[in-house]
Amino acid sequence: MSGIAEEIKASVMGAEPVEVSYPEKGYHCALETSPDKLPDIVRLFDEKRFYLECLLCTDYTDYLELVYLFNTHLSPCRVKVTLKVDPQQPVAPSMSSIYASAYWYEREIHEFYGVLFTGHPNMTYLFLHNDIHDYPLRKGKVPVPPEDKERLDSFKPGEQEDTFFINLGPQHPSTHGVLRVVLKMDGEYIEQAEPVLGYLHRMHEKMAENRSYQQFLPNTGRMDYLGPMSFNLGYVLAVERLCAISVPDRAIFVRIIATELNRICSHLLWVGAYLADLGALTPFLFVFDDREQIQDVLEGITGSRLTYCYFRFGGLYNDVDDQFIAGTKAFVKRMWGRFSLYEKLVTGNVIFVNRTKGIGTITGEQARKYGVAGPVLRSAGIACDLRKVESYSAYNEMEFNIPVGEHGDALDTYKIRIAEMENSLRIIEQALAKLPGGPFMAEKVPKKLKPPRGDIYQVVETPRGELGIYIVSDESDRPLRMKWRVPSFSNLMIFPELARGMLLADAVAILGSLDLVIPEIDR
Amino acid sequence: MGERGFHLEKEIIPVKFAMVEKVLDLARANSLWPVTFGLACCAIEMMSTSMSRFDIDRFGAGVFRASPRQADFMIVTGTVTKKMAPVLTTLYEQMPSPKWVIAMGNCAISGGPFVFEGQYNIVEGVDLLVPVDVYVPGCPPRPEALLEGLLKLEEKITGTRRFPRVESA
């Protein structure tokens, strides 16, 4: 917190930023603004080298509220800028010319709430399709007016001289799910890439508003099925923060162990899948062997192999046993010996290196403009790992490094993920050594949670990067709004820029290096 | 979209070579090629099934084809959204006959956990789009369950079960 409130006050006439308690809210400063002042404020943040962390909308029935969250990478200073919009004529100025990531968030809000962003170049469907007649996330029944429907449906790839369009996906092995990218090709080179999302939009945010806090827990594991522990953790941390529930030490450490095991699991799958994209199927078989060991260990305590729902508000579903601890130790020992194998099999492989070196190079400035996160951000040389920068649980008691890249290319993301697995092993070893006894669940957690009125923003570092959960409570037993700022979405945003001018085969290498999980993007 | 559980019209074959068909069925059942079609969480379990430990290749079904035109059956692994529905139908139609479908996971069977009042984006069961031969429940189903589903499909094709069923103790 470096006096950003004073700076805003000095630079923008009439702005009144309020400093808030970070431990309670998850952000440092709040500021309410009007549409005419918004561009100045956003430009100020751009000058101060903030990145647009998230842009979301909440329907309070009487008015719509746009929330812009800005943050800096290395010293967390999160500012919440809010803008009230009339629900009858929802119009707001577009910020997409200042922040590239706003381009995507604004499209999302337009689809789900009907807010029209003036000056936005492309307000067509991103997630939804033209069979939807009401804005899905509005509280009342608000039909989509015909002129807006026409605007939404206006994206038509058309033939032009010398170029043609091809669809990558939605059924394509290298998209790891159901992502569709419309590519405008000039021969073998990509002129323009336009991702089309929503082939797996499962309405998580709508569901959150329709059920109690506990009932939503299993959804979190299904959002990102490769890193369900991190999503679980983020959600329980957010609700615990909102309701001021304290968690016993044993639970905190078990959470760390489980999350880190899951992180290794996720990175392993990425290594296998990415190399399969590049044409090497053998590593796939090796990584699944390792993955199965982790899944055995985690299955013992959680009861499931993939979509875990292990954490509860105030603790855990059940305590870990000796078998888990012995299994984890055995796995850690085994895994330390496996890196040399991957080194021999993959890292030194000349085909792999030639296909990934210098491909999809990201600069620090690009990373900021698009708000990319996780290993992709760190490959650009920015040592931002939320476990360290904005520590949660007991990560500040752990000793580990933040591996960063030198060139920002796809090869760097590979090296970073391998190094992260090593660091995760270190964290697991420390957590096992420190694992305290005692209860695994807080006493007196109410069956029916009714958090006090207010909002909260909680971040965690998932295997793919920054996950932010924004919850608005209206004192009832279900949230008024729950927004998930997911890392894959912001990582995908940068893909069109990286793919421009590349060969089609290289685009697959870039897409793979971003480590996308589609249900997480689509939510 | 048709009603739940509809069937395609039976093909009319003027001459039937009973023995030849049986031999062909045996051949088909022992080398079922699935189309690589991952939708959601269940796709990861499908990958697990085809990888080191569970090794679906033991049953001749490990040749995942990226093109539906080379595939015998489709494993629908995950939630089918309304946006995805036409794509899925196209994929099914592109597969050459005879073809089969396994609905893997609760989402593909009935919409699973994503069915609630006012839902606007998912198809509540893939059998509303294409005929389904085998249903494998679970969220997600274990790899063993998918293998059992595969054996069930073989049984459907040939009329006999390849391995004796393991009775639970």
# chains A, B, ... in the order shown; residues from 1 in each chain; ligands from 1
>>> interface_residues(of="chain B", to="chain A", cutoff="6 Å", atoms="only C-alpha atoms", output="compact mmCIF listing (two decimals) with N, CA and C atoms, in the first residue's frame")
# COMPACT_ATOMS: atom_id res chain seq x y z
N GLY B 38 -13.13 -35.23 -25.87
CA GLY B 38 -13.20 -34.92 -24.45
C GLY B 38 -14.02 -33.68 -24.23
N LEU B 39 -14.95 -33.73 -23.30
CA LEU B 39 -15.75 -32.55 -23.03
C LEU B 39 -15.34 -31.88 -21.72
N CYS B 41 -14.62 -32.92 -17.17
CA CYS B 41 -13.87 -33.66 -16.16
C CYS B 41 -13.71 -35.13 -16.55
N MET B 51 -4.37 -44.76 -20.30
CA MET B 51 -2.94 -44.64 -20.00
C MET B 51 -2.41 -45.80 -19.17
N SER B 52 -1.23 -45.59 -18.61
CA SER B 52 -0.41 -46.66 -18.05
C SER B 52 -1.16 -47.69 -17.21
N THR B 81 -23.46 -28.85 -23.66
CA THR B 81 -24.19 -27.59 -23.59
C THR B 81 -24.99 -27.41 -24.87
N LYS B 83 -24.78 -25.03 -26.83
CA LYS B 83 -23.90 -24.54 -27.88
C LYS B 83 -23.14 -25.70 -28.51
N MET B 84 -22.86 -26.73 -27.71
CA MET B 84 -22.08 -27.87 -28.18
C MET B 84 -22.97 -28.88 -28.90
>>> residues_around(residues="Arg69 in chain B", least_positions_apart="6", cutoff="7 Å", atoms="only C-alpha atoms", output="PDB file with C-alpha atoms, in the first residue's frame")
ATOM      1  CA  GLN B  94     -19.898 -38.164 -39.499  1.00  0.00           C
ATOM      2  CA  MET B  95     -19.080 -41.513 -37.951  1.00  0.00           C
ATOM      3  CA  PRO B  96     -19.507 -44.470 -40.295  1.00  0.00           C
TER       4      PRO B  96
END
>>> select_by_dssp(residues="range 44-187 of chain A", states="strand (DSSP E or B)", output="ChimeraX atom specification")
/A:51-59,64-71,79-85,91-93,116-118,134,143,160,163-168,180-186
>>> write_last_selection(atoms="N, CA and C atoms", output="CSV table (one decimal), in the first residue's frame")
chain,number,residue,atom,x,y,z
A,51,TYR,N,-2.3,-3.6,-13.2
A,51,TYR,CA,-3.0,-4.4,-14.2
A,51,TYR,C,-4.5,-4.6,-13.8
A,52,LEU,N,-5.3,-4.8,-14.8
A,52,LEU,CA,-6.7,-4.9,-14.5
A,52,LEU,C,-6.9,-6.4,-14.1
A,53,GLU,N,-7.2,-6.6,-12.8
A,53,GLU,CA,-7.3,-7.9,-12.3
A,53,GLU,C,-8.6,-8.6,-12.7
A,54,CYS,N,-9.6,-7.8,-12.5
A,54,CYS,CA,-11.0,-8.4,-12.8
A,54,CYS,C,-11.9,-7.2,-13.1
A,55,LEU,N,-12.9,-7.5,-13.9
A,55,LEU,CA,-14.0,-6.6,-14.2
A,55,LEU,C,-15.3,-7.4,-14.1
A,56,LEU,N,-16.1,-7.0,-13.3
A,56,LEU,CA,-17.3,-7.8,-13.1
A,56,LEU,C,-18.5,-6.9,-12.8
A,57,CYS,N,-19.7,-7.5,-12.8
A,57,CYS,CA,-20.9,-6.7,-12.7
A,57,CYS,C,-21.8,-7.4,-11.6
A,58,THR,N,-22.5,-6.7,-10.8
A,58,THR,CA,-23.4,-7.2,-9.9
A,58,THR,C,-24.8,-6.5,-10.0
A,59,ASP,N,-25.8,-7.3,-10.0
A,59,ASP,CA,-27.2,-6.8,-10.1
A,59,ASP,C,-27.8,-6.6,-8.7
A,64,LEU,N,-27.2,-1.6,-11.4
A,64,LEU,CA,-26.1,-2.5,-11.7
A,64,LEU,C,-24.8,-1.9,-11.3
A,65,GLU,N,-24.0,-2.7,-10.7
A,65,GLU,CA,-22.7,-2.1,-10.3
A,65,GLU,C,-21.5,-2.8,-11.0
A,66,LEU,N,-20.8,-2.0,-11.7
A,66,LEU,CA,-19.5,-2.5,-12.4
A,66,LEU,C,-18.4,-2.4,-11.4
A,67,VAL,N,-17.6,-3.5,-11.2
A,67,VAL,CA,-16.5,-3.4,-10.3
A,67,VAL,C,-15.2,-3.7,-11.1
A,68,TYR,N,-14.3,-2.7,-11.0
A,68,TYR,CA,-13.0,-2.8,-11.6
A,68,TYR,C,-12.0,-3.1,-10.5
A,69,LEU,N,-11.3,-4.2,-10.6
A,69,LEU,CA,-10.3,-4.4,-9.6
A,69,LEU,C,-8.9,-4.3,-10.2
A,70,PHE,N,-8.1,-3.4,-9.7
A,70,PHE,CA,-6.7,-3.1,-10.1
A,70,PHE,C,-5.8,-3.6,-9.1
A,71,ASN,N,-4.6,-4.1,-9.6
A,71,ASN,CA,-3.6,-4.5,-8.6
A,71,ASN,C,-2.2,-4.4,-9.3
A,79,VAL,N,-7.1,-2.1,-5.7
A,79,VAL,CA,-8.1,-1.0,-5.6
A,79,VAL,C,-9.4,-1.5,-6.3
A,80,LYS,N,-10.5,-1.3,-5.6
A,80,LYS,CA,-11.8,-1.6,-6.2
A,80,LYS,C,-12.4,-0.3,-6.6
A,81,VAL,N,-12.7,-0.2,-7.9
A,81,VAL,CA,-13.3,1.0,-8.5
A,81,VAL,C,-14.7,0.5,-8.9
A,82,THR,N,-15.7,1.2,-8.4
A,82,THR,CA,-17.1,0.8,-8.7
A,82,THR,C,-17.8,1.9,-9.5
A,83,LEU,N,-18.7,1.5,-10.3
A,83,LEU,CA,-19.4,2.4,-11.2
A,83,LEU,C,-20.9,1.9,-11.2
A,84,LYS,N,-21.8,2.8,-10.8
A,84,LYS,CA,-23.2,2.4,-10.9
A,84,LYS,C,-23.8,2.7,-12.2
A,85,VAL,N,-24.6,1.7,-12.7
A,85,VAL,CA,-25.2,1.8,-14.0
A,85,VAL,C,-26.7,1.7,-13.9
A,91,VAL,N,-25.5,1.6,-19.8
A,91,VAL,CA,-24.4,2.0,-20.7
A,91,VAL,C,-23.2,2.4,-19.9
A,92,ALA,N,-22.0,2.0,-20.3
A,92,ALA,CA,-20.8,2.4,-19.6
A,92,ALA,C,-19.7,2.6,-20.7
A,93,PRO,N,-18.7,3.5,-20.4
A,93,PRO,CA,-17.6,3.6,-21.4
A,93,PRO,C,-16.7,2.4,-21.4
A,116,LEU,N,-24.1,-2.1,-22.2
A,116,LEU,CA,-23.5,-1.8,-23.5
A,116,LEU,C,-22.3,-0.9,-23.2
A,117,PHE,N,-21.2,-1.3,-23.7
A,117,PHE,CA,-20.0,-0.5,-23.5
A,117,PHE,C,-19.7,0.3,-24.8
A,118,THR,N,-19.8,1.6,-24.6
A,118,THR,CA,-19.6,2.5,-25.8
A,118,THR,C,-18.2,2.5,-26.2
A,134,ASP,N,-33.2,-14.2,-22.4
A,134,ASP,CA,-33.1,-13.3,-21.3
A,134,ASP,C,-31.7,-13.2,-20.9
A,143,PRO,N,-35.6,-9.4,-20.9
A,143,PRO,CA,-35.4,-10.0,-22.2
A,143,PRO,C,-34.3,-9.2,-23.0
A,160,GLN,N,-12.4,-13.9,-47.8
A,160,GLN,CA,-11.8,-12.7,-48.4
A,160,GLN,C,-10.7,-13.1,-49.3
A,163,THR,N,-7.3,-14.9,-48.2
A,163,THR,CA,-7.3,-15.5,-46.8
A,163,THR,C,-8.5,-16.5,-46.8
A,164,PHE,N,-8.4,-17.4,-45.8
A,164,PHE,CA,-9.6,-18.3,-45.6
A,164,PHE,C,-9.7,-18.5,-44.1
A,165,PHE,N,-10.8,-19.1,-43.7
A,165,PHE,CA,-11.0,-19.3,-42.3
A,165,PHE,C,-11.0,-20.8,-42.0
A,166,ILE,N,-10.3,-21.1,-40.9
A,166,ILE,CA,-10.5,-22.5,-40.4
A,166,ILE,C,-10.9,-22.5,-38.9
A,167,ASN,N,-11.6,-23.5,-38.6
A,167,ASN,CA,-12.0,-23.7,-37.2
A,167,ASN,C,-11.0,-24.6,-36.5
A,168,LEU,N,-10.4,-24.2,-35.4
A,168,LEU,CA,-9.6,-25.1,-34.6
A,168,LEU,C,-10.5,-25.4,-33.4
A,180,ARG,N,-13.0,-23.3,-29.1
A,180,ARG,CA,-13.0,-23.1,-30.6
A,180,ARG,C,-12.3,-21.9,-30.9
A,181,VAL,N,-11.3,-21.9,-31.8
A,181,VAL,CA,-10.6,-20.7,-32.2
A,181,VAL,C,-10.8,-20.6,-33.7
A,182,VAL,N,-11.4,-19.5,-34.1
A,182,VAL,CA,-11.6,-19.2,-35.6
A,182,VAL,C,-10.3,-18.5,-36.1
A,183,LEU,N,-9.7,-19.2,-37.0
A,183,LEU,CA,-8.4,-18.6,-37.4
A,183,LEU,C,-8.5,-18.1,-38.9
A,184,LYS,N,-8.1,-16.9,-39.0
A,184,LYS,CA,-8.1,-16.3,-40.4
A,184,LYS,C,-6.7,-16.6,-40.9
A,185,MET,N,-6.6,-17.4,-42.0
A,185,MET,CA,-5.3,-17.9,-42.4
A,185,MET,C,-4.9,-17.2,-43.7
A,186,ASP,N,-3.6,-16.9,-43.8
A,186,ASP,CA,-3.1,-16.5,-45.1
A,186,ASP,C,-2.1,-17.6,-45.5
>>> atom_distance(atom1="CA of Glu147 in chain A", atom2="CA of Tyr105 in chain A")
21.0 Å
>>> closest_residue(among="A:Phe495, A:Phe313, A:Phe440, A:Phe489", to="Arg241 in chain A", atoms="only C-alpha atoms")
A:Phe313
>>> closest_residue(among="A:Val42, A:Val239, A:Ala280, A:Met229", to="Leu298 in chain A", atoms="only C-alpha atoms")
A:Met229
>>> select_by_dssp(residues="range 45-124 of chain B", states="helix (DSSP H, G or I)", output="VMD selection string")
chain B and resid 45 to 50 56 to 59 68 to 70 85 to 94 106 to 110 112 to 114
>>> residues_around(residues="range 362-365 of chain A", least_positions_apart="2", cutoff="12 Å", atoms="only C-alpha atoms", output="PyMOL selection string")
chain A and resi 46-47+49-51+73+99-100+358-360+367-373+375-384+404-413+491+494-495+497-499+510+513-514
>>> write_last_selection(atoms="N, CA and C atoms", output="CSV table (one decimal), in the first residue's frame")
chain,number,residue,atom,x,y,z
A,46,ASP,N,-3.2,2.8,-15.3
A,46,ASP,CA,-2.3,2.3,-16.4
A,46,ASP,C,-0.9,3.0,-16.3
A,47,GLU,N,-0.9,4.3,-16.0
A,47,GLU,CA,0.4,5.0,-15.8
A,47,GLU,C,1.2,4.4,-14.6
A,49,ARG,N,1.3,1.6,-13.7
A,49,ARG,CA,1.6,0.2,-13.9
A,49,ARG,C,0.8,-0.8,-13.1
A,50,PHE,N,-0.4,-0.6,-12.9
A,50,PHE,CA,-1.3,-1.5,-12.4
A,50,PHE,C,-1.8,-2.4,-13.5
A,51,TYR,N,-2.3,-3.6,-13.2
A,51,TYR,CA,-3.0,-4.4,-14.2
A,51,TYR,C,-4.5,-4.6,-13.8
A,73,HIS,N,1.7,-6.2,-9.5
A,73,HIS,CA,2.1,-7.6,-9.5
A,73,HIS,C,3.0,-7.9,-8.2
A,99,TYR,N,-6.9,-1.1,-21.4
A,99,TYR,CA,-6.5,-2.5,-21.0
A,99,TYR,C,-7.0,-3.5,-22.0
A,100,ALA,N,-6.1,-4.3,-22.5
A,100,ALA,CA,-6.6,-5.3,-23.5
A,100,ALA,C,-7.5,-6.3,-22.8
A,358,GLY,N,11.5,-19.6,-28.4
A,358,GLY,CA,11.2,-18.4,-29.1
A,358,GLY,C,9.7,-18.4,-29.6
A,359,ILE,N,8.9,-19.3,-29.2
A,359,ILE,CA,7.5,-19.4,-29.6
A,359,ILE,C,6.7,-18.8,-28.5
A,360,GLY,N,5.8,-17.9,-29.0
A,360,GLY,CA,4.8,-17.3,-28.0
A,360,GLY,C,5.5,-16.5,-27.0
A,367,ALA,N,2.1,-8.8,-20.5
A,367,ALA,CA,1.5,-9.6,-19.4
A,367,ALA,C,0.7,-8.7,-18.6
A,368,ARG,N,1.1,-7.5,-18.4
A,368,ARG,CA,0.4,-6.6,-17.5
A,368,ARG,C,-0.9,-6.1,-18.2
A,369,LYS,N,-0.8,-5.8,-19.5
A,369,LYS,CA,-2.0,-5.3,-20.2
A,369,LYS,C,-3.1,-6.4,-20.3
A,370,TYR,N,-2.7,-7.6,-20.4
A,370,TYR,CA,-3.7,-8.7,-20.5
A,370,TYR,C,-4.0,-9.3,-19.2
A,371,GLY,N,-3.3,-9.0,-18.1
A,371,GLY,CA,-3.5,-9.6,-16.8
A,371,GLY,C,-3.3,-11.0,-16.8
A,372,VAL,N,-2.3,-11.5,-17.5
A,372,VAL,CA,-2.0,-13.0,-17.5
A,372,VAL,C,-1.5,-13.4,-16.1
A,373,ALA,N,-1.6,-14.7,-15.9
A,373,ALA,CA,-1.3,-15.1,-14.5
A,373,ALA,C,-0.5,-16.4,-14.5
A,375,PRO,N,2.3,-19.5,-14.3
A,375,PRO,CA,3.6,-19.7,-14.9
A,375,PRO,C,3.8,-18.9,-16.2
A,376,VAL,N,2.7,-18.5,-16.9
A,376,VAL,CA,2.8,-17.7,-18.1
A,376,VAL,C,3.3,-16.3,-17.7
A,377,LEU,N,2.8,-15.8,-16.7
A,377,LEU,CA,3.3,-14.5,-16.2
A,377,LEU,C,4.7,-14.6,-15.7
A,378,ARG,N,5.0,-15.6,-15.0
A,378,ARG,CA,6.4,-15.7,-14.5
A,378,ARG,C,7.4,-16.0,-15.6
A,379,SER,N,6.9,-16.6,-16.7
A,379,SER,CA,7.9,-16.8,-17.8
A,379,SER,C,8.3,-15.4,-18.4
A,380,ALA,N,7.5,-14.4,-18.2
A,380,ALA,CA,7.9,-13.1,-18.6
A,380,ALA,C,8.8,-12.4,-17.7
A,381,GLY,N,9.2,-13.1,-16.6
A,381,GLY,CA,10.2,-12.5,-15.7
A,381,GLY,C,9.6,-11.8,-14.5
A,382,ILE,N,8.3,-11.9,-14.3
A,382,ILE,CA,7.7,-11.2,-13.2
A,382,ILE,C,7.5,-12.3,-12.1
A,383,ALA,N,8.2,-12.1,-11.0
A,383,ALA,CA,8.1,-13.1,-9.9
A,383,ALA,C,6.9,-12.9,-9.1
A,384,CYS,N,5.7,-13.1,-9.6
A,384,CYS,CA,4.5,-12.9,-8.9
A,384,CYS,C,3.9,-14.3,-8.6
A,404,VAL,N,11.4,-18.0,-12.3
A,404,VAL,CA,11.0,-17.1,-13.3
A,404,VAL,C,11.7,-17.4,-14.6
A,405,GLY,N,11.1,-17.0,-15.7
A,405,GLY,CA,11.7,-17.2,-17.0
A,405,GLY,C,12.6,-16.1,-17.5
A,406,GLU,N,13.4,-16.3,-18.5
A,406,GLU,CA,14.2,-15.2,-19.1
A,406,GLU,C,13.7,-14.7,-20.4
A,407,HIS,N,13.1,-15.6,-21.2
A,407,HIS,CA,12.6,-15.1,-22.5
A,407,HIS,C,11.1,-15.0,-22.6
A,408,GLY,N,10.4,-15.6,-21.8
A,408,GLY,CA,8.9,-15.5,-21.9
A,408,GLY,C,8.3,-16.4,-23.0
A,409,ASP,N,9.1,-17.4,-23.4
A,409,ASP,CA,8.6,-18.2,-24.5
A,409,ASP,C,8.0,-19.5,-23.9
A,410,ALA,N,7.5,-20.4,-24.8
A,410,ALA,CA,6.9,-21.6,-24.4
A,410,ALA,C,7.9,-22.5,-23.6
A,411,LEU,N,9.1,-22.5,-24.0
A,411,LEU,CA,10.1,-23.4,-23.4
A,411,LEU,C,10.3,-22.9,-21.9
A,412,ASP,N,10.2,-21.6,-21.7
A,412,ASP,CA,10.3,-21.1,-20.3
A,412,ASP,C,9.2,-21.6,-19.4
A,413,THR,N,7.9,-21.6,-20.0
A,413,THR,CA,6.8,-22.1,-19.2
A,413,THR,C,7.0,-23.5,-18.8
A,491,ASN,N,-5.4,-15.9,-19.4
A,491,ASN,CA,-4.2,-16.4,-20.2
A,491,ASN,C,-4.6,-16.6,-21.6
A,494,ILE,N,-4.5,-13.5,-24.3
A,494,ILE,CA,-3.3,-13.0,-24.9
A,494,ILE,C,-3.0,-13.9,-26.2
A,495,PHE,N,-3.7,-15.0,-26.3
A,495,PHE,CA,-3.5,-15.9,-27.4
A,495,PHE,C,-3.6,-15.3,-28.8
A,497,GLU,N,-3.0,-12.3,-29.8
A,497,GLU,CA,-1.8,-11.5,-30.1
A,497,GLU,C,-0.6,-12.4,-30.3
A,498,LEU,N,-0.4,-13.4,-29.5
A,498,LEU,CA,0.7,-14.3,-29.7
A,498,LEU,C,0.7,-15.1,-31.0
A,499,ALA,N,-0.6,-15.4,-31.4
A,499,ALA,CA,-0.7,-16.3,-32.6
A,499,ALA,C,-0.5,-15.5,-33.9
A,510,ILE,N,1.7,-22.8,-28.9
A,510,ILE,CA,1.5,-21.7,-28.0
A,510,ILE,C,0.3,-21.9,-27.1
A,513,SER,N,1.1,-24.2,-24.4
A,513,SER,CA,1.9,-23.6,-23.3
A,513,SER,C,1.2,-22.8,-22.3
A,514,LEU,N,0.0,-22.3,-22.7
A,514,LEU,CA,-0.8,-21.5,-21.8
A,514,LEU,C,-1.5,-22.4,-20.7
>>> atom_distance(atom1="CA of Val76 in chain B", atom2="CA of Asp522 in chain A")
18.5 Å
>>> atom_distance(atom1="CA of Ser476 in chain A", atom2="CA of Asp249 in chain A")
29.5 Å
>>> residues_around(residues="Pro164 in chain B", least_positions_apart="5", cutoff="12 Å", atoms="only C-alpha atoms", output="list in words")
Glu148, Leu151, Lys152 and Glu155 of chain B
>>> residues_around(residues="Val115 in chain B", least_positions_apart="5", cutoff="10 Å", atoms="only C-alpha atoms", output="JSON, numbers by chain")
{"A": [202, 203, 207], "B": [107, 110, 120, 121, 122, 123, 124]}
>>> residues_around(residues="Leu261 in chain A", least_positions_apart="5", cutoff="10 Å", atoms="only C-alpha atoms", output="list in words")
Gly227, Met229, Arg255, Ile256, Ser266, Arg291, Ile294, Gln295, Val297, Leu298, Thr328, Phe331, Val332, Met421, Ser424, Leu425, Ile427 and Ile428 of chain A
>>> residues_around(residues="Cys77 in chain A", least_positions_apart="2", cutoff="8 Å", atoms="only C-alpha atoms", output="mmCIF file with C-alpha atoms, in the first residue's frame")
data_model
loop_
_atom_site.group_PDB
_atom_site.id
_atom_site.type_symbol
_atom_site.label_atom_id
_atom_site.label_comp_id
_atom_site.auth_asym_id
_atom_site.auth_seq_id
_atom_site.Cartn_x
_atom_site.Cartn_y
_atom_site.Cartn_z
ATOM 1 C CA MET A 1 0.000 0.000 0.000
ATOM 2 C CA SER A 2 1.972 2.967 -1.262
ATOM 3 C CA TYR A 27 -8.606 -5.244 -1.119
ATOM 4 C CA HIS A 28 -6.860 -2.121 0.117
ATOM 5 C CA CYS A 29 -8.784 0.759 -1.279
ATOM 6 C CA PHE A 70 -6.748 -3.111 -10.148
ATOM 7 C CA ASN A 71 -3.620 -4.531 -8.648
ATOM 8 C CA THR A 72 0.132 -4.444 -8.970
ATOM 9 C CA SER A 75 3.550 -5.465 -3.958
ATOM 10 C CA VAL A 79 -8.083 -1.036 -5.605
#
